[in-house]
>>> print(open('protein16.cif').read())   # mmCIF, C-alpha atoms
data_query
loop_
_atom_site.group_PDB
_atom_site.id
_atom_site.type_symbol
_atom_site.label_atom_id
_atom_site.label_comp_id
_atom_site.auth_asym_id
_atom_site.auth_seq_id
_atom_site.Cartn_x
_atom_site.Cartn_y
_atom_site.Cartn_z
ATOM 1 C CA MET A 1311 18.657 -23.555 2.452
ATOM 2 C CA ASN A 1312 18.384 -20.272 4.371
ATOM 3 C CA LYS A 1313 15.063 -18.490 4.862
ATOM 4 C CA ILE A 1314 15.379 -15.956 2.057
ATOM 5 C CA ASP A 1315 16.405 -18.672 -0.449
ATOM 6 C CA GLU A 1316 13.422 -20.775 0.632
ATOM 7 C CA LEU A 1317 11.164 -17.755 0.131
ATOM 8 C CA LYS A 1318 12.535 -17.211 -3.391
ATOM 9 C CA TRP A 1319 12.075 -20.880 -4.260
ATOM 10 C CA LEU A 1320 8.467 -20.904 -3.063
ATOM 11 C CA ILE A 1321 7.624 -17.704 -4.941
ATOM 12 C CA LYS A 1322 9.031 -19.217 -8.153
ATOM 13 C CA GLN A 1323 7.018 -22.421 -7.616
ATOM 14 C CA ASN A 1324 3.774 -20.436 -7.487
ATOM 15 C CA ILE A 1325 4.412 -17.952 -10.305
ATOM 16 C CA GLN A 1326 2.087 -18.491 -13.268
ATOM 17 C CA HIS A 1327 2.954 -15.406 -15.329
ATOM 18 C CA GLU A 1328 4.729 -12.062 -15.193
ATOM 19 C CA GLY A 1329 3.200 -9.684 -12.685
ATOM 20 C CA VAL A 1330 1.011 -10.777 -9.771
ATOM 21 C CA THR A 1331 -0.209 -14.363 -9.359
ATOM 22 C CA PRO A 1332 -3.019 -14.513 -6.751
ATOM 23 C CA LEU A 1333 -2.931 -17.362 -4.229
ATOM 24 C CA GLU A 1334 -5.876 -19.096 -2.542
ATOM 25 C CA ILE A 1335 -5.975 -16.623 0.380
ATOM 26 C CA GLU A 1336 -7.837 -13.434 -0.518
ATOM 27 C CA GLY A 1337 -5.417 -10.515 -0.814
ATOM 28 C CA VAL A 1338 -2.299 -12.702 -0.958
ATOM 29 C CA GLY A 1339 -0.158 -13.194 -4.038
ATOM 30 C CA VAL A 1340 3.332 -13.579 -5.464
ATOM 31 C CA LEU A 1341 4.982 -11.298 -7.997
ATOM 32 C CA GLN A 1342 7.665 -11.724 -10.642
ATOM 33 C CA TRP A 1343 9.254 -9.420 -13.201
ATOM 34 C CA SER A 1344 12.008 -10.765 -15.482
ATOM 35 C CA CYS A 1345 13.174 -7.318 -16.589
ATOM 36 C CA PRO A 1346 13.199 -3.815 -15.070
ATOM 37 C CA GLN A 1347 9.858 -2.001 -15.067
ATOM 38 C CA ALA A 1348 9.682 1.684 -15.966
ATOM 39 C CA ARG A 1349 8.440 4.181 -13.403
ATOM 40 C CA THR A 1350 4.636 3.972 -13.485
ATOM 41 C CA PRO A 1351 1.913 5.735 -11.476
ATOM 42 C CA VAL A 1352 -0.102 3.193 -9.480
ATOM 43 C CA LEU A 1353 -2.483 3.226 -6.529
ATOM 44 C CA TYR A 1354 -1.231 1.082 -3.651
ATOM 45 C CA GLU A 1355 -3.946 -0.225 -1.367
ATOM 46 C CA PRO A 1356 -2.874 -1.047 2.230
ATOM 47 C CA LEU A 1357 -0.397 -3.934 1.920
ATOM 48 C CA ILE A 1358 2.727 -5.663 3.153
ATOM 49 C CA CYS A 1359 5.322 -6.634 0.549
ATOM 50 C CA MET A 1360 8.068 -9.122 1.454
ATOM 51 C CA MET A 1361 10.988 -8.867 -0.944
ATOM 52 C CA GLY A 1362 12.653 -12.057 -2.117
ATOM 53 C CA GLN A 1363 14.929 -10.751 -4.861
ATOM 54 C CA GLY A 1364 15.637 -7.610 -6.900
ATOM 55 C CA GLU A 1365 15.100 -3.940 -6.097
ATOM 56 C CA LYS A 1366 12.158 -1.564 -6.320
ATOM 57 C CA VAL A 1367 11.700 2.149 -5.739
ATOM 58 C CA CYS A 1368 8.368 3.702 -4.797
ATOM 59 C CA SER A 1369 8.193 7.483 -4.962
ATOM 60 C CA VAL A 1370 5.460 9.646 -3.494
ATOM 61 C CA GLY A 1371 5.727 13.406 -3.300
ATOM 62 C CA GLU A 1372 9.356 14.244 -2.553
ATOM 63 C CA SER A 1373 10.020 10.923 -0.775
ATOM 64 C CA ALA A 1374 11.501 7.787 -2.347
ATOM 65 C CA PHE A 1375 11.509 4.345 -0.731
ATOM 66 C CA LEU A 1376 14.036 1.732 -1.906
ATOM 67 C CA TYR A 1377 13.479 -1.865 -0.874
ATOM 68 C CA LYS A 1378 15.371 -4.980 -1.862
ATOM 69 C CA GLU A 1379 16.045 -8.625 -0.974
ATOM 70 C CA GLY A 1380 15.095 -9.365 2.629
ATOM 71 C CA ASP A 1381 13.231 -6.060 3.165
ATOM 72 C CA TYR A 1382 9.575 -5.498 3.876
ATOM 73 C CA PHE A 1383 7.515 -2.583 2.592
ATOM 74 C CA ILE A 1384 4.282 -1.559 4.344
ATOM 75 C CA ASN A 1385 1.718 1.085 3.521
ATOM 76 C CA PHE A 1386 -1.301 1.564 5.749
ATOM 77 C CA LEU A 1387 -3.555 3.766 3.607
ATOM 78 C CA PRO A 1388 -4.442 3.854 -0.107
ATOM 79 C CA ILE A 1389 -1.692 5.963 -1.636
ATOM 80 C CA PRO A 1390 -0.766 6.900 -5.232
ATOM 81 C CA VAL A 1391 2.895 6.169 -5.873
ATOM 82 C CA SER A 1392 5.268 5.983 -8.808
ATOM 83 C CA ALA A 1393 6.661 2.444 -8.754
ATOM 84 C CA GLU A 1394 9.816 1.345 -10.572
ATOM 85 C CA VAL A 1395 11.507 -2.079 -10.593
ATOM 86 C CA THR A 1396 15.165 -1.147 -10.868
ATOM 87 C CA SER A 1397 16.823 -4.584 -10.661
ATOM 88 C CA ALA A 1398 15.457 -7.627 -12.509
ATOM 89 C CA SER A 1399 16.582 -10.036 -15.233
ATOM 90 C CA LYS A 1400 15.698 -13.460 -16.623
ATOM 91 C CA GLU A 1401 18.519 -14.988 -14.599
ATOM 92 C CA THR A 1402 17.647 -13.150 -11.367
ATOM 93 C CA PRO A 1403 14.027 -11.957 -11.653
ATOM 94 C CA PHE A 1404 12.357 -9.570 -9.275
ATOM 95 C CA LEU A 1405 10.459 -11.713 -6.730
ATOM 96 C CA SER A 1406 8.152 -10.699 -3.903
ATOM 97 C CA ALA A 1407 5.147 -11.833 -1.875
ATOM 98 C CA VAL A 1408 2.315 -9.423 -1.097
ATOM 99 C CA MET A 1409 -0.438 -9.452 1.511
ATOM 100 C CA SER A 1410 -3.303 -6.957 1.744
ATOM 101 C CA ILE A 1411 -3.721 -5.308 5.143
ATOM 102 C CA ASN A 1412 -7.052 -5.477 6.934
ATOM 103 C CA LEU A 1413 -6.875 -2.351 9.086
ATOM 104 C CA VAL A 1414 -9.714 -3.525 11.342
ATOM 105 C CA LYS A 1415 -7.853 -6.734 12.183
ATOM 106 C CA LEU A 1416 -4.601 -4.831 12.594
ATOM 107 C CA ALA A 1417 -6.233 -2.435 15.060
ATOM 108 C CA ASP A 1418 -7.750 -5.398 16.917
ATOM 109 C CA MET A 1419 -4.300 -6.950 17.237
ATOM 110 C CA ILE A 1420 -2.947 -3.718 18.755
ATOM 111 C CA THR A 1421 -5.766 -3.782 21.311
ATOM 112 C CA ARG A 1422 -5.023 -7.418 22.191
ATOM 113 C CA ILE A 1423 -1.306 -6.695 22.609
ATOM 114 C CA GLU A 1424 -1.937 -3.647 24.780
ATOM 115 C CA ARG A 1425 -4.432 -5.599 26.884
ATOM 116 C CA GLN A 1426 -1.676 -8.096 27.668
ATOM 117 C CA GLU A 1427 0.825 -5.316 28.359
ATOM 118 C CA LYS A 1428 -1.851 -3.438 30.363
ATOM 119 C CA SER A 1429 -0.894 -0.156 28.743
ATOM 120 C CA ALA A 1430 -1.767 1.848 25.667
ATOM 121 C CA ILE A 1431 0.494 3.961 23.511
ATOM 122 C CA ASN A 1432 -0.371 7.617 23.964
ATOM 123 C CA THR A 1433 2.467 9.415 22.232
ATOM 124 C CA GLU A 1434 2.655 10.389 18.594
ATOM 125 C CA PRO A 1435 5.573 9.014 16.527
ATOM 126 C CA GLU A 1436 8.271 11.492 15.563
ATOM 127 C CA ASN A 1437 8.454 10.304 11.966
ATOM 128 C CA ALA A 1438 4.819 9.568 11.136
ATOM 129 C CA SER A 1439 4.405 8.077 7.659
ATOM 130 C CA CYS A 1440 1.884 5.657 6.213
ATOM 131 C CA ILE A 1441 4.839 3.950 4.461
ATOM 132 C CA ILE A 1442 7.495 1.978 6.347
ATOM 133 C CA VAL A 1443 10.466 0.009 4.978
ATOM 134 C CA GLY A 1444 12.549 -2.262 7.192
ATOM 135 C CA LYS A 1445 14.795 -5.317 7.256
ATOM 136 C CA ALA A 1446 12.745 -8.446 7.863
ATOM 137 C CA SER A 1447 13.664 -10.825 10.667
ATOM 138 C CA ASP A 1448 14.001 -14.551 9.982
ATOM 139 C CA ASP A 1449 10.766 -15.041 11.940
ATOM 140 C CA LEU A 1450 8.867 -12.690 9.625
ATOM 141 C CA ILE A 1451 10.358 -14.267 6.494
ATOM 142 C CA ASP A 1452 9.399 -17.675 7.886
ATOM 143 C CA LEU A 1453 5.803 -16.487 8.325
ATOM 144 C CA PHE A 1454 5.646 -15.409 4.683
ATOM 145 C CA ILE A 1455 7.014 -18.826 3.722
ATOM 146 C CA ARG A 1456 4.141 -20.370 5.689
ATOM 147 C CA LEU A 1457 1.691 -17.914 4.122
ATOM 148 C CA ILE A 1458 2.697 -18.976 0.602
ATOM 149 C CA LYS A 1459 2.560 -22.681 1.514
ATOM 150 C CA VAL A 1460 -0.902 -22.305 3.056
ATOM 151 C CA GLY A 1461 -2.041 -20.084 0.187
ATOM 152 C CA SER A 1462 -1.028 -22.742 -2.332
ATOM 153 C CA ASN A 1463 -3.698 -25.168 -1.093
ATOM 154 C CA THR A 1464 -7.418 -24.366 -1.170
ATOM 155 C CA THR A 1465 -8.324 -26.238 2.030
ATOM 156 C CA ASP A 1466 -5.277 -25.012 3.964
ATOM 157 C CA ALA A 1467 -6.046 -21.456 2.842
ATOM 158 C CA ALA A 1468 -9.667 -21.650 4.023
ATOM 159 C CA ILE A 1469 -8.776 -23.140 7.438
ATOM 160 C CA LEU A 1470 -5.362 -21.643 8.254
ATOM 161 C CA GLY A 1471 -4.993 -18.513 6.140
ATOM 162 C CA GLU A 1472 -6.381 -16.004 8.670
ATOM 163 C CA PHE A 1473 -4.302 -17.487 11.499
ATOM 164 C CA VAL A 1474 -1.051 -16.989 9.563
ATOM 165 C CA MET A 1475 -2.055 -13.437 8.605
ATOM 166 C CA ASP A 1476 -2.881 -12.645 12.249
ATOM 167 C CA GLU A 1477 0.539 -13.886 13.311
ATOM 168 C CA ILE A 1478 2.184 -11.681 10.687
ATOM 169 C CA TYR A 1479 0.356 -8.681 12.192
ATOM 170 C CA TYR A 1480 1.460 -9.752 15.664
ATOM 171 C CA ARG A 1481 5.129 -10.241 14.731
ATOM 172 C CA LEU A 1482 5.283 -6.900 12.944
ATOM 173 C CA LEU A 1483 3.708 -5.092 15.903
ATOM 174 C CA THR A 1484 6.089 -6.720 18.392
ATOM 175 C CA SER A 1485 9.254 -6.497 16.252
ATOM 176 C CA GLU A 1486 12.036 -3.943 16.682
ATOM 177 C CA HIS A 1487 9.914 -1.531 14.613
ATOM 178 C CA GLY A 1488 6.714 -2.615 16.362
ATOM 179 C CA TYR A 1489 6.509 0.206 18.865
ATOM 180 C CA ALA A 1490 6.790 2.795 16.089
ATOM 181 C CA LEU A 1491 4.140 0.938 14.076
ATOM 182 C CA ARG A 1492 1.797 0.854 17.033
ATOM 183 C CA GLN A 1493 2.405 4.534 17.720
ATOM 184 C CA LEU A 1494 1.498 5.308 14.129
ATOM 185 C CA LEU A 1495 -1.674 3.236 14.263
ATOM 186 C CA SER A 1496 -2.671 4.287 17.765
ATOM 187 C CA GLN A 1497 -5.983 6.090 18.239
ATOM 188 C CA TYR A 1498 -3.955 8.971 19.677
ATOM 189 C CA GLY A 1499 -2.148 9.642 16.424
ATOM 190 C CA HIS A 1500 -3.319 11.314 13.235
ATOM 191 C CA ILE A 1501 -3.811 8.194 11.148
ATOM 192 C CA GLN A 1502 -7.469 7.729 12.141
ATOM 193 C CA PRO A 1503 -8.680 11.259 11.328
ATOM 194 C CA VAL A 1504 -6.628 11.320 8.116
ATOM 195 C CA SER A 1505 -7.995 7.868 7.278
ATOM 196 C CA ARG A 1506 -11.546 9.243 7.575
ATOM 197 C CA ALA A 1507 -10.648 12.000 5.124
ATOM 198 C CA VAL A 1508 -9.022 9.497 2.741
ATOM 199 C CA SER A 1509 -12.158 7.317 2.836
ATOM 200 C CA PHE A 1510 -14.276 10.375 2.032
ATOM 201 C CA ILE A 1511 -12.068 11.214 -0.966
ATOM 202 C CA HIS A 1512 -12.379 7.682 -2.354
ATOM 203 C CA GLY A 1513 -16.138 7.662 -1.802
ATOM 204 C CA ASN A 1514 -16.691 11.028 -3.484
ATOM 205 C CA VAL A 1515 -14.261 10.950 -6.395
ATOM 206 C CA ASN A 1516 -16.887 12.531 -8.683
ATOM 207 C CA ALA A 1517 -17.260 15.599 -6.443
ATOM 208 C CA SER A 1518 -15.289 18.817 -6.001
ATOM 209 C CA ILE A 1519 -13.550 18.384 -2.633
ATOM 210 C CA GLN A 1520 -11.979 21.197 -0.619
ATOM 211 C CA VAL A 1521 -9.367 20.963 2.136
ATOM 212 C CA GLU A 1522 -11.722 22.759 4.551
ATOM 213 C CA GLU A 1523 -14.281 19.993 4.069
ATOM 214 C CA LEU A 1524 -11.686 17.286 4.761
ATOM 215 C CA ALA A 1525 -10.404 19.111 7.842
ATOM 216 C CA SER A 1526 -13.955 19.202 9.178
ATOM 217 C CA ILE A 1527 -14.355 15.463 8.596
ATOM 218 C CA ALA A 1528 -11.079 14.890 10.457
ATOM 219 C CA ASN A 1529 -12.247 17.257 13.223
ATOM 220 C CA MET A 1530 -9.061 19.311 12.866
ATOM 221 C CA SER A 1531 -8.194 22.876 11.934
ATOM 222 C CA LYS A 1532 -7.320 23.393 8.276
ATOM 223 C CA THR A 1533 -3.641 24.036 9.076
ATOM 224 C CA SER A 1534 -3.319 21.081 11.460
ATOM 225 C CA PHE A 1535 -5.057 18.787 8.980
ATOM 226 C CA PHE A 1536 -2.913 19.936 6.052
ATOM 227 C CA ASN A 1537 0.319 19.364 8.011
ATOM 228 C CA ALA A 1538 -0.787 15.994 9.402
ATOM 229 C CA PHE A 1539 -1.964 14.794 5.974
ATOM 230 C CA LYS A 1540 1.253 15.783 4.215
ATOM 231 C CA LYS A 1541 3.422 14.251 6.951
ATOM 232 C CA LEU A 1542 1.518 10.978 6.777
ATOM 233 C CA MET A 1543 0.842 10.739 3.030
ATOM 234 C CA HIS A 1544 3.919 12.621 1.687
ATOM 235 C CA VAL A 1545 1.758 14.781 -0.599
ATOM 236 C CA SER A 1546 -0.673 17.628 0.034
ATOM 237 C CA PRO A 1547 -4.416 16.864 0.235
ATOM 238 C CA MET A 1548 -5.086 18.481 -3.164
ATOM 239 C CA GLN A 1549 -2.252 16.534 -4.816
ATOM 240 C CA TYR A 1550 -3.698 13.351 -3.345
ATOM 241 C CA ILE A 1551 -7.210 14.174 -4.568
ATOM 242 C CA LYS A 1552 -5.944 14.875 -8.085
ATOM 243 C CA SER A 1553 -3.949 11.617 -8.164
ATOM 244 C CA ILE A 1554 -6.934 9.552 -7.024
ATOM 245 C CA LYS A 1555 -9.228 11.169 -9.606
ATOM 246 C CA LEU A 1556 -6.753 10.501 -12.433
ATOM 247 C CA GLN A 1557 -6.112 6.908 -11.308
ATOM 248 C CA LYS A 1558 -9.884 6.302 -11.235
ATOM 249 C CA ALA A 1559 -10.258 7.880 -14.677
ATOM 250 C CA GLN A 1560 -7.627 5.538 -16.089
ATOM 251 C CA ILE A 1561 -9.511 2.529 -14.708
ATOM 252 C CA LEU A 1562 -12.707 3.775 -16.392
ATOM 253 C CA LEU A 1563 -10.879 4.326 -19.693
ATOM 254 C CA LYS A 1564 -9.436 0.804 -19.568
ATOM 255 C CA GLN A 1565 -12.967 -0.484 -19.016
ATOM 256 C CA GLY A 1566 -13.992 1.129 -22.314
ATOM 257 C CA MET A 1567 -15.503 4.426 -21.179
ATOM 258 C CA GLN A 1568 -15.075 7.446 -23.448
ATOM 259 C CA ALA A 1569 -12.570 10.030 -22.227
ATOM 260 C CA ASN A 1570 -15.064 12.894 -21.895
ATOM 261 C CA GLU A 1571 -17.412 10.702 -19.838
ATOM 262 C CA ALA A 1572 -14.528 9.478 -17.646
ATOM 263 C CA SER A 1573 -13.468 13.066 -16.963
ATOM 264 C CA TYR A 1574 -17.042 13.897 -15.880
ATOM 265 C CA GLN A 1575 -17.241 10.790 -13.681
ATOM 266 C CA VAL A 1576 -14.185 11.897 -11.680
ATOM 267 C CA GLY A 1577 -15.427 15.441 -11.164
ATOM 268 C CA TYR A 1578 -13.800 17.470 -13.949
ATOM 269 C CA ASN A 1579 -15.939 20.236 -15.458
ATOM 270 C CA SER A 1580 -13.346 21.003 -18.134
ATOM 271 C CA PHE A 1581 -12.295 18.187 -20.476
ATOM 272 C CA SER A 1582 -9.274 20.165 -21.702
ATOM 273 C CA GLN A 1583 -8.048 20.569 -18.117
ATOM 274 C CA PHE A 1584 -8.597 16.847 -17.540
ATOM 275 C CA SER A 1585 -6.603 15.982 -20.683
ATOM 276 C CA ARG A 1586 -3.701 18.239 -19.682
ATOM 277 C CA GLU A 1587 -3.507 16.883 -16.159
ATOM 278 C CA TYR A 1588 -3.919 13.276 -17.311
ATOM 279 C CA LYS A 1589 -1.047 13.609 -19.783
ATOM 280 C CA ARG A 1590 1.142 15.337 -17.176
ATOM 281 C CA PHE A 1591 0.432 12.563 -14.646
ATOM 282 C CA PHE A 1592 0.723 9.451 -16.850
ATOM 283 C CA GLY A 1593 2.965 10.730 -19.640
ATOM 284 C CA PHE A 1594 0.401 10.157 -22.417
ATOM 285 C CA PRO A 1595 -3.061 11.544 -23.286
ATOM 286 C CA PRO A 1596 -6.348 9.786 -22.387
ATOM 287 C CA SER A 1597 -6.786 8.695 -26.012
ATOM 288 C CA GLN A 1598 -3.643 6.521 -25.794
ATOM 289 C CA THR A 1599 -4.793 4.587 -22.722
ATOM 290 C CA VAL A 1600 -4.967 0.854 -23.400
#
>>> encode(input="protein16.cif", output="structure tokens")
Amino acid sequence: MNKIDELKWLIKQNIQHEGVTPLEIEGVGVLQWSCPQARTPVLYEPLICMMGQGEKVCSVGESAFLYKEGDYFINFLPIPVSAEVTSASKETPFLSAVMSINLVKLADMITRIERQEKSAINTEPENASCIIVGKASDDLIDLFIRLIKVGSNTTDAAILGEFVMDEIYYRLLTSEHGYALRQLLSQYGHIQPVSRAVSFIHGNVNASIQVEELASIANMSKTSFFNAFKKLMHVSPMQYIKSIKLQKAQILLKQGMQANEASYQVGYNSFSQFSREYKRFFGFPPSQTV
């Protein structure tokens, strides 16, 4: 059995239902869909997805990312995307393994690698993006196989889980795409100042936020911040803010909050404006959220 077939087999062994089945390691799970899934707005937290079978397209702004069997998908910052499973059936279901990214541990791994190499990366990547798709090596697939095996056992997960995750970080950062990844995550790039702005947005979703305020937080000029944000996140700052507010509102509605209260909680002063933008974003009005 080759590596990708072993990965598929292990994912199937751990699936309990359609969608995501969490494993014993926090932030690690396996995913199955037995039919295509329509394009749906969703907020992706920082994660690594290892594809076992099927195809998926994630769209953000004007960019679309296709990933399929044997590919990995990484995003480093919370980002609203439109996700669509384009290839799945009962006979050949969509299968993947997912692992949340701990950015502190990832940054620590970069420091440890550079300490060994006795040099730091001080150039900015040409194609900066918080989303990267690539073909996984057998070594990386093998690590996800180990991650699922360890995550299937409570004791193994508690003792070995972090070690396997650390090795995944290491292998990614030293792979053929590793230099580009390390450039992107380097303190010399824009990801840290943009990350500060993103954290502010998520922590102040009920407030009216202006680009000038975010640029100040990032310690950049408004123009430089706008360009860096859009290059990294694929949408403008205001588009990002609106998406986050609407995603948060949907969570509140699903928790049972009334629509007018949810609109207030995410910083809308006009309920009619909230309703229009919600329907435009999700394809249905707040009242039809279930």
>>> resolve_selection(input="protein16.cif", expression="the PyMOL selection byres ((chain A and resi 1322-1328) around 12)", output="ChimeraX atom specification")
/A:1315-1321,1329-1334,1338-1347,1362-1363,1398,1400,1402-1407,1455,1458-1463
>>> resolve_selection(input="protein16.cif", expression="the PyMOL selection byres ((chain A and resi 1478) around 10)", output="PyMOL selection string")
chain A and resi 1358+1409+1416+1449-1454+1457+1472-1477+1479-1484
>>> atom_distance(input="protein16.cif", atom1="CA of Met1360 in chain A", atom2="CA of Phe1592 in chain A")
27.1 Å
>>> resolve_selection(input="protein16.cif", expression="the PyMOL selection byres ((chain A and resi 1365-1372) around 6)", output="PyMOL selection string")
chain A and resi 1364+1373-1378+1391-1397+1544-1545
>>> atom_distance(input="protein16.cif", atom1="CA of Glu1522 in chain A", atom2="CA of Val1576 in chain A")
19.7 Å
>>> closest_residue(input="protein16.cif", among="A:Ser1582, A:Gln1560, A:Gln1568, A:Thr1421", to="Arg1492 in chain A", atoms="all atoms listed in the file")
A:Thr1421
>>> atom_distance(input="protein16.cif", atom1="CA of Ser1505 in chain A", atom2="CA of Gly1444 in chain A")
22.9 Å
>>> residues_around(input="protein16.cif", residues="Ile1554 in chain A", least_positions_apart="2", cutoff="8 Å", atoms="all atoms listed in the file", output="number ranges by chain")
A: 1353, 1390, 1512, 1515, 1550-1552, 1556-1558
>>> closest_residue(input="protein16.cif", among="A:Ile1423, A:Glu1486, A:Pro1356, A:Glu1523", to="Cys1440 in chain A", atoms="only C-alpha atoms")
A:Pro1356
>>> decode(input="protein16.cif", residues="range 1511-1519 of chain A", atoms="all heavy atoms", output="PDB file, in the first residue's frame")
ATOM      1  N   ILE A1511      -9.215  43.261  14.520  1.00  0.00           N
ATOM      2  CA  ILE A1511     -10.545  43.131  13.898  1.00  0.00           C
ATOM      3  C   ILE A1511     -11.372  42.085  14.638  1.00  0.00           C
ATOM      4  O   ILE A1511     -12.535  42.312  14.989  1.00  0.00           O
ATOM      5  CB  ILE A1511     -10.409  42.754  12.407  1.00  0.00           C
ATOM      6  CG1 ILE A1511      -9.788  43.919  11.620  1.00  0.00           C
ATOM      7  CG2 ILE A1511     -11.773  42.384  11.819  1.00  0.00           C
ATOM      8  CD1 ILE A1511      -9.334  43.545  10.214  1.00  0.00           C
ATOM      9  N   HIS A1512     -10.768  40.922  14.905  1.00  0.00           N
ATOM     10  CA  HIS A1512     -11.504  39.843  15.564  1.00  0.00           C
ATOM     11  C   HIS A1512     -11.854  40.185  17.006  1.00  0.00           C
ATOM     12  O   HIS A1512     -12.876  39.722  17.522  1.00  0.00           O
ATOM     13  CB  HIS A1512     -10.684  38.547  15.510  1.00  0.00           C
ATOM     14  CG  HIS A1512     -10.701  37.900  14.167  1.00  0.00           C
ATOM     15  ND1 HIS A1512     -11.501  36.820  13.864  1.00  0.00           N
ATOM     16  CD2 HIS A1512     -10.027  38.193  13.024  1.00  0.00           C
ATOM     17  CE1 HIS A1512     -11.314  36.473  12.597  1.00  0.00           C
ATOM     18  NE2 HIS A1512     -10.421  37.289  12.068  1.00  0.00           N
ATOM     19  N   GLY A1513     -11.036  41.016  17.646  1.00  0.00           N
ATOM     20  CA  GLY A1513     -11.304  41.395  19.026  1.00  0.00           C
ATOM     21  C   GLY A1513     -12.246  42.572  19.174  1.00  0.00           C
ATOM     22  O   GLY A1513     -12.674  42.895  20.285  1.00  0.00           O
ATOM     23  N   ASN A1514     -12.584  43.219  18.064  1.00  0.00           N
ATOM     24  CA  ASN A1514     -13.435  44.409  18.112  1.00  0.00           C
ATOM     25  C   ASN A1514     -14.524  44.342  17.042  1.00  0.00           C
ATOM     26  O   ASN A1514     -14.837  45.331  16.393  1.00  0.00           O
ATOM     27  CB  ASN A1514     -12.595  45.672  17.924  1.00  0.00           C
ATOM     28  CG  ASN A1514     -11.619  45.884  19.054  1.00  0.00           C
ATOM     29  OD1 ASN A1514     -11.946  46.493  20.058  1.00  0.00           O
ATOM     30  ND2 ASN A1514     -10.408  45.364  18.909  1.00  0.00           N
ATOM     31  N   VAL A1515     -15.109  43.163  16.893  1.00  0.00           N
ATOM     32  CA  VAL A1515     -16.077  42.937  15.823  1.00  0.00           C
ATOM     33  C   VAL A1515     -17.339  43.776  16.008  1.00  0.00           C
ATOM     34  O   VAL A1515     -18.077  44.031  15.047  1.00  0.00           O
ATOM     35  CB  VAL A1515     -16.424  41.429  15.734  1.00  0.00           C
ATOM     36  CG1 VAL A1515     -17.268  40.991  16.919  1.00  0.00           C
ATOM     37  CG2 VAL A1515     -17.115  41.083  14.427  1.00  0.00           C
ATOM     38  N   ASN A1516     -17.583  44.251  17.239  1.00  0.00           N
ATOM     39  CA  ASN A1516     -18.777  45.062  17.506  1.00  0.00           C
ATOM     40  C   ASN A1516     -18.547  46.548  17.265  1.00  0.00           C
ATOM     41  O   ASN A1516     -19.454  47.354  17.431  1.00  0.00           O
ATOM     42  CB  ASN A1516     -19.247  44.862  18.952  1.00  0.00           C
ATOM     43  CG  ASN A1516     -18.195  45.295  19.961  1.00  0.00           C
ATOM     44  OD1 ASN A1516     -17.011  45.270  19.658  1.00  0.00           O
ATOM     45  ND2 ASN A1516     -18.632  45.676  21.143  1.00  0.00           N
ATOM     46  N   ALA A1517     -17.327  46.915  16.856  1.00  0.00           N
ATOM     47  CA  ALA A1517     -16.981  48.328  16.682  1.00  0.00           C
ATOM     48  C   ALA A1517     -16.941  48.707  15.203  1.00  0.00           C
ATOM     49  O   ALA A1517     -16.869  47.855  14.319  1.00  0.00           O
ATOM     50  CB  ALA A1517     -15.633  48.618  17.332  1.00  0.00           C
ATOM     51  N   SER A1518     -16.980  50.004  14.946  1.00  0.00           N
ATOM     52  CA  SER A1518     -16.764  50.530  13.594  1.00  0.00           C
ATOM     53  C   SER A1518     -15.253  50.708  13.418  1.00  0.00           C
ATOM     54  O   SER A1518     -14.626  51.479  14.143  1.00  0.00           O
ATOM     55  CB  SER A1518     -17.487  51.862  13.424  1.00  0.00           C
ATOM     56  OG  SER A1518     -17.209  52.419  12.162  1.00  0.00           O
ATOM     57  N   ILE A1519     -14.675  49.984  12.473  1.00  0.00           N
ATOM     58  CA  ILE A1519     -13.222  49.960  12.296  1.00  0.00           C
ATOM     59  C   ILE A1519     -12.864  50.609  10.967  1.00  0.00           C
ATOM     60  O   ILE A1519     -13.458  50.280   9.926  1.00  0.00           O
ATOM     61  CB  ILE A1519     -12.690  48.511  12.332  1.00  0.00           C
ATOM     62  CG1 ILE A1519     -13.073  47.829  13.649  1.00  0.00           C
ATOM     63  CG2 ILE A1519     -11.169  48.484  12.152  1.00  0.00           C
ATOM     64  CD1 ILE A1519     -12.790  46.340  13.668  1.00  0.00           C
TER      65      ILE A1519
END
